[in-house]
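Encoded as structure tokens, the structure appears first; notes follow it.
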Amino acid sequence: MAHVRLFRHYIHLPFVILGLIDLAVVALSFALAAFFRYFGEVTFYFDNIVFVIPSAVVFGILNLTVMIALGVHQARVEEGMSGMMLRTIMAMTFAIPLHGVAYFVANDWLWYLGNFGLLTSATVLAIFSLGIARVFFFAVVGKDRFKRRVLVLGAGRRAKQMFEDLTTPFNRKGFNLDGFIPMPDDTVEVDEQYLINLPTSLHDYVLRHPVREIVVAVDDRRRGLPMEDLLECKMEGVHIIDGANFYERESRKVALEMITRGWLVFSDGFTVSSVYGVGKRALDILSSGTLLLATFPIMILTAIA
């Protein structure tokens, strides 16, 4: 699987792994900086490492949170490694005040976060370490080890639209396209070089090729689908997904032209629950109350004037 889903948002697996690597690298950088600044002796350091670990973990989590908020990992695709590292430097700089807040809240456990010199040294060391780790990581990812091999069922209007919209590297980082299988009686609009003419059946093709996902992007399902082949592929562990869901997952957008009433009915959106309603109302009250308290002095001064 080349993606995970969190709060109905698709996150590509390479970036999840990279985030965990970043967390480990940043935490280890803090621990290493603490070793050189306060200890200097390996035995003495490991005897007291239990006091360093909480600060190192919080240091890593806070930095990773700010990096995610600034879109550091997505910048690798849009701006390249230089843009990614520039955002990393900015994120780790912005995170320094957060470390001070964490120390103020829990100084009994986070002793080392209160030292500005240690924070500076750990931040500089983490930036260089992250650069090295990411170079090695993307050297591995560049070999398509995290990408799925995708086969599209259909070669009509919907398939062509999906192909044209997902041709950019930004939208193709999670999969490799194997080709399109035209359906009988369908108008073929996809270029002939991307078509796959099955010699036998869809199931046989999947057995001979390492296809991990089949995207159903036919224009009219009422004309029939090779359900037996799809069921056989499903039994082989191949993931079957609708074209609209695939488009949403890969491009982070909804293709309105591909949406049908059936898709809306069977989608997992429009969920309403009492917990969701209470949470939404509580957030509304909290936001409005905070805004009222912040602007109340100005309102008083305005009324007096």
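In the structure tokens, chains take the letters A, B, ... in the order shown, each chain's residues start at 1, and ligands count up from 1 in the order shown.
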Pick out the residues sitting within 8 Å of Ala244 in chain A, and hand them over as a tab-separated table (two decimals) with all heavy atoms, in the first residue's frame; count only C-alpha atoms, and ignore anything fewer than 6 positions along from it in its own chain.
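In the end it all went to result_15.tsv:
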chain	number	residue	atom	x	y	z
A	217	ALA	N	-12.68	2.91	-14.52
A	217	ALA	CA	-12.97	4.24	-15.06
A	217	ALA	C	-13.74	4.12	-16.36
A	217	ALA	O	-13.43	4.81	-17.34
A	217	ALA	CB	-11.67	5.03	-15.25
A	254	VAL	N	-11.50	16.72	-6.20
A	254	VAL	CA	-12.66	15.93	-6.61
A	254	VAL	C	-12.99	16.27	-8.05
A	254	VAL	O	-13.18	17.45	-8.39
A	254	VAL	CB	-13.88	16.21	-5.70
A	254	VAL	CG1	-15.10	15.45	-6.20
A	254	VAL	CG2	-13.56	15.82	-4.26
A	255	ALA	N	-13.04	15.26	-8.90
A	255	ALA	CA	-13.40	15.47	-10.31
A	255	ALA	C	-14.92	15.49	-10.43
A	255	ALA	O	-15.57	14.45	-10.39
A	255	ALA	CB	-12.80	14.36	-11.16
A	258	MET	N	-16.65	13.32	-12.99
A	258	MET	CA	-16.66	11.87	-12.79
A	258	MET	C	-17.63	11.44	-11.69
A	258	MET	O	-17.83	10.24	-11.48
A	258	MET	CB	-15.25	11.39	-12.45
A	258	MET	CG	-14.22	11.69	-13.52
A	258	MET	SD	-12.54	11.18	-13.05
A	258	MET	CE	-12.74	9.40	-12.99
A	259	ILE	N	-18.22	12.40	-11.00
A	259	ILE	CA	-19.10	12.06	-9.88
A	259	ILE	C	-20.50	11.72	-10.38
A	259	ILE	O	-21.05	12.42	-11.24
A	259	ILE	CB	-19.16	13.23	-8.88
A	259	ILE	CG1	-17.81	13.38	-8.17
A	259	ILE	CG2	-20.26	13.01	-7.85
A	259	ILE	CD1	-17.77	14.52	-7.20
- Task: Please provide as a list of chain:residue names all residues within 12 Å of Ala24 in chain A, with the sequence filter that same-chain residues fewer than 5 positions apart are discarded (counting only C-alpha atoms).
- Result: A:Ile17, A:Leu18, A:Gly19, A:Ser29, A:Phe30, A:Ala31, A:Ile53, A:Ala56, A:Val57, A:Val58, A:Phe59, A:Gly60, A:Ile61, A:Asn63, A:Leu64, A:Ala126, A:Ser129, A:Leu130, A:Ala133
Using all heavy atoms, can you export the residues from the last selection as a short mmCIF file (atom, residue, chain, number, x, y, z; two decimals), in the first residue's frame?
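Saved file out09.cif follows:
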data_model
loop_
_atom_site.label_atom_id
_atom_site.label_comp_id
_atom_site.auth_asym_id
_atom_site.auth_seq_id
_atom_site.Cartn_x
_atom_site.Cartn_y
_atom_site.Cartn_z
N ILE A 17 6.77 7.60 5.98
CA ILE A 17 8.06 7.04 6.37
C ILE A 17 9.09 8.14 6.55
O ILE A 17 9.88 8.14 7.51
CB ILE A 17 8.52 6.01 5.33
CG1 ILE A 17 7.54 4.84 5.27
CG2 ILE A 17 9.93 5.50 5.65
CD1 ILE A 17 7.85 3.83 4.19
N LEU A 18 9.09 9.12 5.63
CA LEU A 18 10.04 10.22 5.74
C LEU A 18 9.79 11.03 7.01
O LEU A 18 10.73 11.47 7.67
CB LEU A 18 9.93 11.12 4.52
CG LEU A 18 10.87 12.34 4.49
CD1 LEU A 18 12.32 11.90 4.57
CD2 LEU A 18 10.63 13.18 3.25
N GLY A 19 8.52 11.23 7.37
CA GLY A 19 8.21 11.94 8.61
C GLY A 19 8.74 11.22 9.83
O GLY A 19 9.29 11.85 10.76
N SER A 29 19.59 13.97 17.03
CA SER A 29 20.46 15.15 16.97
C SER A 29 20.45 15.90 18.30
O SER A 29 21.50 16.36 18.77
CB SER A 29 20.01 16.07 15.83
OG SER A 29 20.10 15.42 14.59
N PHE A 30 19.28 16.01 18.90
CA PHE A 30 19.20 16.67 20.21
C PHE A 30 19.97 15.87 21.26
O PHE A 30 20.71 16.45 22.08
CB PHE A 30 17.74 16.81 20.63
CG PHE A 30 17.55 17.55 21.92
CD1 PHE A 30 17.40 18.92 21.93
CD2 PHE A 30 17.53 16.87 23.13
CE1 PHE A 30 17.23 19.61 23.13
CE2 PHE A 30 17.36 17.54 24.33
CZ PHE A 30 17.22 18.92 24.33
N ALA A 31 19.80 14.55 21.24
CA ALA A 31 20.51 13.72 22.21
C ALA A 31 22.02 13.82 22.02
O ALA A 31 22.78 13.86 23.00
CB ALA A 31 20.04 12.27 22.08
N ILE A 53 16.00 11.69 27.28
CA ILE A 53 15.02 11.18 26.31
C ILE A 53 13.75 12.02 26.25
O ILE A 53 13.28 12.35 25.14
CB ILE A 53 14.70 9.70 26.62
CG1 ILE A 53 15.91 8.82 26.29
CG2 ILE A 53 13.49 9.23 25.84
CD1 ILE A 53 15.72 7.36 26.62
N ALA A 56 14.43 15.11 24.24
CA ALA A 56 14.73 14.79 22.85
C ALA A 56 13.46 14.45 22.08
O ALA A 56 13.27 14.88 20.93
CB ALA A 56 15.73 13.64 22.78
N VAL A 57 12.57 13.68 22.70
CA VAL A 57 11.32 13.29 22.03
C VAL A 57 10.44 14.51 21.79
O VAL A 57 9.89 14.69 20.69
CB VAL A 57 10.59 12.23 22.87
CG1 VAL A 57 9.20 11.97 22.30
CG2 VAL A 57 11.39 10.94 22.92
N VAL A 58 10.29 15.36 22.80
CA VAL A 58 9.46 16.56 22.63
C VAL A 58 10.09 17.49 21.59
O VAL A 58 9.38 18.09 20.78
CB VAL A 58 9.30 17.28 23.98
CG1 VAL A 58 8.61 18.62 23.80
CG2 VAL A 58 8.50 16.40 24.94
N PHE A 59 11.40 17.59 21.60
CA PHE A 59 12.09 18.41 20.59
C PHE A 59 11.79 17.90 19.18
O PHE A 59 11.50 18.69 18.27
CB PHE A 59 13.60 18.36 20.87
CG PHE A 59 14.43 19.17 19.92
CD1 PHE A 59 14.54 20.54 20.06
CD2 PHE A 59 15.11 18.55 18.87
CE1 PHE A 59 15.32 21.29 19.18
CE2 PHE A 59 15.88 19.29 17.99
CZ PHE A 59 15.99 20.66 18.14
N GLY A 60 11.82 16.59 19.01
CA GLY A 60 11.52 16.02 17.70
C GLY A 60 10.08 16.20 17.29
O GLY A 60 9.78 16.55 16.15
N ILE A 61 9.15 15.98 18.22
CA ILE A 61 7.72 16.09 17.90
C ILE A 61 7.35 17.52 17.54
O ILE A 61 6.61 17.76 16.57
CB ILE A 61 6.88 15.57 19.09
CG1 ILE A 61 7.06 14.06 19.25
CG2 ILE A 61 5.41 15.91 18.89
CD1 ILE A 61 6.36 13.49 20.46
N ASN A 63 9.29 19.94 16.39
CA ASN A 63 9.87 20.31 15.10
C ASN A 63 9.13 19.65 13.95
O ASN A 63 8.88 20.29 12.92
CB ASN A 63 11.35 19.93 15.07
CG ASN A 63 12.24 20.96 15.73
OD1 ASN A 63 12.43 22.06 15.23
ND2 ASN A 63 12.77 20.62 16.89
N LEU A 64 8.78 18.38 14.11
CA LEU A 64 8.06 17.69 13.05
C LEU A 64 6.68 18.31 12.83
O LEU A 64 6.22 18.45 11.69
CB LEU A 64 7.91 16.21 13.40
CG LEU A 64 7.17 15.35 12.37
CD1 LEU A 64 7.91 15.35 11.04
CD2 LEU A 64 6.98 13.93 12.89
N ALA A 126 20.61 19.11 13.63
CA ALA A 126 19.46 18.42 13.04
C ALA A 126 19.27 18.81 11.58
O ALA A 126 18.93 17.97 10.75
CB ALA A 126 18.20 18.73 13.85
N SER A 129 21.83 16.94 9.57
CA SER A 129 21.52 15.50 9.59
C SER A 129 20.30 15.20 8.73
O SER A 129 20.26 14.18 8.03
CB SER A 129 21.27 15.04 11.03
OG SER A 129 22.40 15.29 11.84
N LEU A 130 19.30 16.08 8.76
CA LEU A 130 18.12 15.88 7.93
C LEU A 130 18.47 15.94 6.45
O LEU A 130 17.93 15.16 5.64
CB LEU A 130 17.06 16.94 8.26
CG LEU A 130 16.30 16.77 9.57
CD1 LEU A 130 15.41 17.98 9.83
CD2 LEU A 130 15.46 15.51 9.55
N ALA A 133 20.08 12.59 5.58
CA ALA A 133 19.11 11.49 5.62
C ALA A 133 18.14 11.56 4.45
O ALA A 133 17.78 10.53 3.86
CB ALA A 133 18.34 11.53 6.95
#
- Please report, as a PyMOL selection string, each residue of range 48-258 of chain A to which DSSP assigns strand (DSSP E or B) when run on this structure's backbone. chain A and resi 148-153+175-181+195+213-216+239-242
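Counting only C-alpha atoms, the residue from A:Arg158, A:Arg222, A:His99, A:Arg281 that sits nearest to Tyr247 in chain A is A:Arg158.
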- Task: Identify which of the residues A:Ile49, A:Met235, A:Val135, A:Leu153 lies closest to Leu195 in chain A, counting only C-alpha atoms when measuring atom-to-atom distances.
- Result: A:Leu153
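Interatomic distance, CA of Thr65 in chain A against CA of Val101 in chain A: 14.7 Å.
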- Query: What does the distance between CA of Val105 in chain A and CA of Leu62 in chain A come to in Å, to one decimal place?
  - Reply: 14.0 Å
